[in-house]
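Read the structure below first, then the notes.
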Amino acid sequence: MTRVVGLTGVTKEYAGGVTALRDVDLDIEQGELVGIVGPSGSGKSTLLHIVGTLDRPTSGSVEIAGFDVAALSDRELSALRARHVGFVFQAFHLVPGISAQDNVAEGLLYSGLPRAERRRRAAEALERVGLADRARHRPHELSGGQKQRVAIARAVVGDPELLLADEPTGALDSASGESVMELLHDLGAAGATIAVITHDTEVADRLPRRVRLRDGAVVEDVREDVRERVPGDARAGA
Ligand SMILES: Nc1ncnc2c1ncn2[C@@H]1O[C@H](COP(=O)(O)OP(=O)(O)OP(=O)(O)O)[C@@H](O)[C@H]1O
Ligand SMILES: [Mg+2]
């Protein structure tokens, strides 16, 4: 088992005296699909930012993809993120006015690959999320669910070890949300390590592992072997 995320005793205090995370220990192994749940303000986004190295903890240690975050400069952290981490947000954050394919290619901007190769890989990633036929559409010509799938394609186009999603279904109707979650399950079955924040208990209940936060502390961390509970499920053999 390869550990992709290792948090030990992580505390995050914001200026103004808010303790957003308290002494959090969290290990995530390669290939895990983990739901992060908990009430509003419990520290979920803060946790995701720290796991994604967008922010540093006040104390405690963070190891991502084998790197000790404290030992890296901000520049080195950006490079680590570009190579190893993909992000998906509730509000998509697509670049307006450029095609779906070019949006996905943005995910490879810092890869050093030539533009033609970035666009080729972007086309492949769009195919993976079922949107090959929308490659030339600009964001305003896509539905919400399609925008989120473009955002996921952008997040995974560089084959990151770790995919982090903050309420990826929050802005979607239930059918689009369902297809986005299916996509995350498929990416997980293909070996990606995924942490996804969700308020939706139905979504959370179907994830193989759930980490629950309350007041910045982990109060529950349960794993269920979904594959064993659902015999005949297509994912069982993957
Ligand atoms: N930049 C900041 N400066 C100061 N306090 C912050 C900052 N960001 C978050 N907080 C506080 O930290 C706590 C945790 O916030 P966080 O955004 O992690 O919660 P969350 O679980 O993601 O909530 P939600 O479900 O509403 O998105 C909250 O009390 C919040 O007010
Ligand atoms: Mg949040």
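Labels used: A, B, ... for chains in the order of the structure tokens, numbers from 1 for residues in each chain, and numbers from 1 for ligands as shown.
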**Q.** Neighbourhood of ligand 1 at 6 Å, counting only C-alpha atoms and all ligand atoms, reported as a ChimeraX atom specification
**A.** /A:14-15,18,20,39-46
Q: Per DSSP on the backbone, filter segment 19-85 of chain A down to the residues in helix (DSSP H, G or I) and report them as a ChimeraX atom specification.
A: /A:44-51,69-71,74-84
Q.
What's around segment 180-184 of chain A at 9 Å? Count only C-alpha atoms, leave out sequence neighbours fewer than 2 positions away in its own chain, and write the answer as a PyMOL selection string.
A. chain A and resi 33+128-129+145-146+148-149+152+168-169+175-178+186-189+192+194+196+203
Any chance you could tabulate, as a tab-separated table, the residues of segment 170-206 of chain A at most 12 Å from segment 212-218 of chain A with each one's nearest atom pair and distance in Å to one decimal, using only C-alpha atoms, in chain and rising number order?
residue	atom	partner	partner_atom	distance
A:Val196	CA	A:Arg212	CA	11.8
A:Ile197	CA	A:Arg212	CA	10.0
A:Thr198	CA	A:Arg212	CA	10.5
A:His199	CA	A:Arg212	CA	10.9
A:Thr201	CA	A:Arg212	CA	11.5
A:Ala204	CA	A:Arg212	CA	10.2
A:Asp205	CA	A:Arg212	CA	11.9
Those residues with N, CA and C atoms, as a short mmCIF file (atom, residue, chain, number, x, y, z; two decimals), in the first residue's frame please?
data_model
loop_
_atom_site.label_atom_id
_atom_site.label_comp_id
_atom_site.auth_asym_id
_atom_site.auth_seq_id
_atom_site.Cartn_x
_atom_site.Cartn_y
_atom_site.Cartn_z
N VAL A 196 -13.37 13.67 -1.47
CA VAL A 196 -14.48 14.51 -1.93
C VAL A 196 -15.31 14.99 -0.74
N ILE A 197 -15.46 16.31 -0.67
CA ILE A 197 -16.32 16.89 0.36
C ILE A 197 -17.75 16.86 -0.13
N THR A 198 -18.65 16.42 0.71
CA THR A 198 -20.06 16.47 0.30
C THR A 198 -20.98 16.71 1.49
N HIS A 199 -22.03 17.49 1.24
CA HIS A 199 -23.09 17.68 2.22
C HIS A 199 -24.19 16.65 2.04
N THR A 201 -25.93 13.43 2.07
CA THR A 201 -25.74 12.18 2.81
C THR A 201 -25.91 10.96 1.91
N ALA A 204 -22.62 10.57 0.29
CA ALA A 204 -21.62 10.13 1.27
C ALA A 204 -21.81 8.65 1.64
N ASP A 205 -23.07 8.24 1.76
CA ASP A 205 -23.36 6.87 2.17
C ASP A 205 -22.83 5.84 1.18
#
(Q) From a backbone DSSP assignment, name each residue in segment 17-132 of chain A labelled strand (DSSP E), as a PyMOL selection string. (A) chain A and resi 18-29+33-37+59-64+67-68+85-89
Q. Hey, what's within 8 Å of Lys12 of chain A if we count only C-alpha atoms and toss same-chain stuff fewer than 2 positions away? As number ranges by chain, please?
A. A: 10, 14, 19-22, 46, 57-59
Q: Just the residues within 10 Å of Ala135 of chain A, please, counting only C-alpha atoms, with nothing from its chain fewer than 4 positions along; format it as a ChimeraX atom specification.
A: /A:99-104,122-123,126-127,131,150
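For the choices A:Gly31, A:Gly191, A:Gly6, A:Gly38, the atom-to-atom distance to ligand 2 is smallest for A:Gly38 when using only C-alpha atoms and all ligand atoms.
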**Q.** Contacts of Arg83 of chain A at 12 Å (only C-alpha atoms; same-chain gap of 4+ positions) as a list in words
**A.** Gly52, Ile64, Ala65, Glu76, Leu77, Ser78, Ala79, Phe87, Gly107, Leu108, Leu109, Tyr110, Ser111, Gly112, Ala155, Val156, Val157, Gly158, Asp159, Pro160, Glu161, Leu162 and Leu163 of chain A
Q: State, in Å with one decimal place, the distance from atom CA of Ala91 of chain A to atom CA of Asp74 of chain A.
A: 25.5 Å
Q) Using only C-alpha atoms, which of the listed residues (A:Gln30, A:Glu13, A:His185, A:Ile98) sits closest to Arg56 of chain A? A) A:Glu13
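The closest residue to ligand 2, picked from A:Leu80, A:Glu220, A:Leu47, A:Pro139 and counting only C-alpha atoms and all ligand atoms, is A:Leu47.
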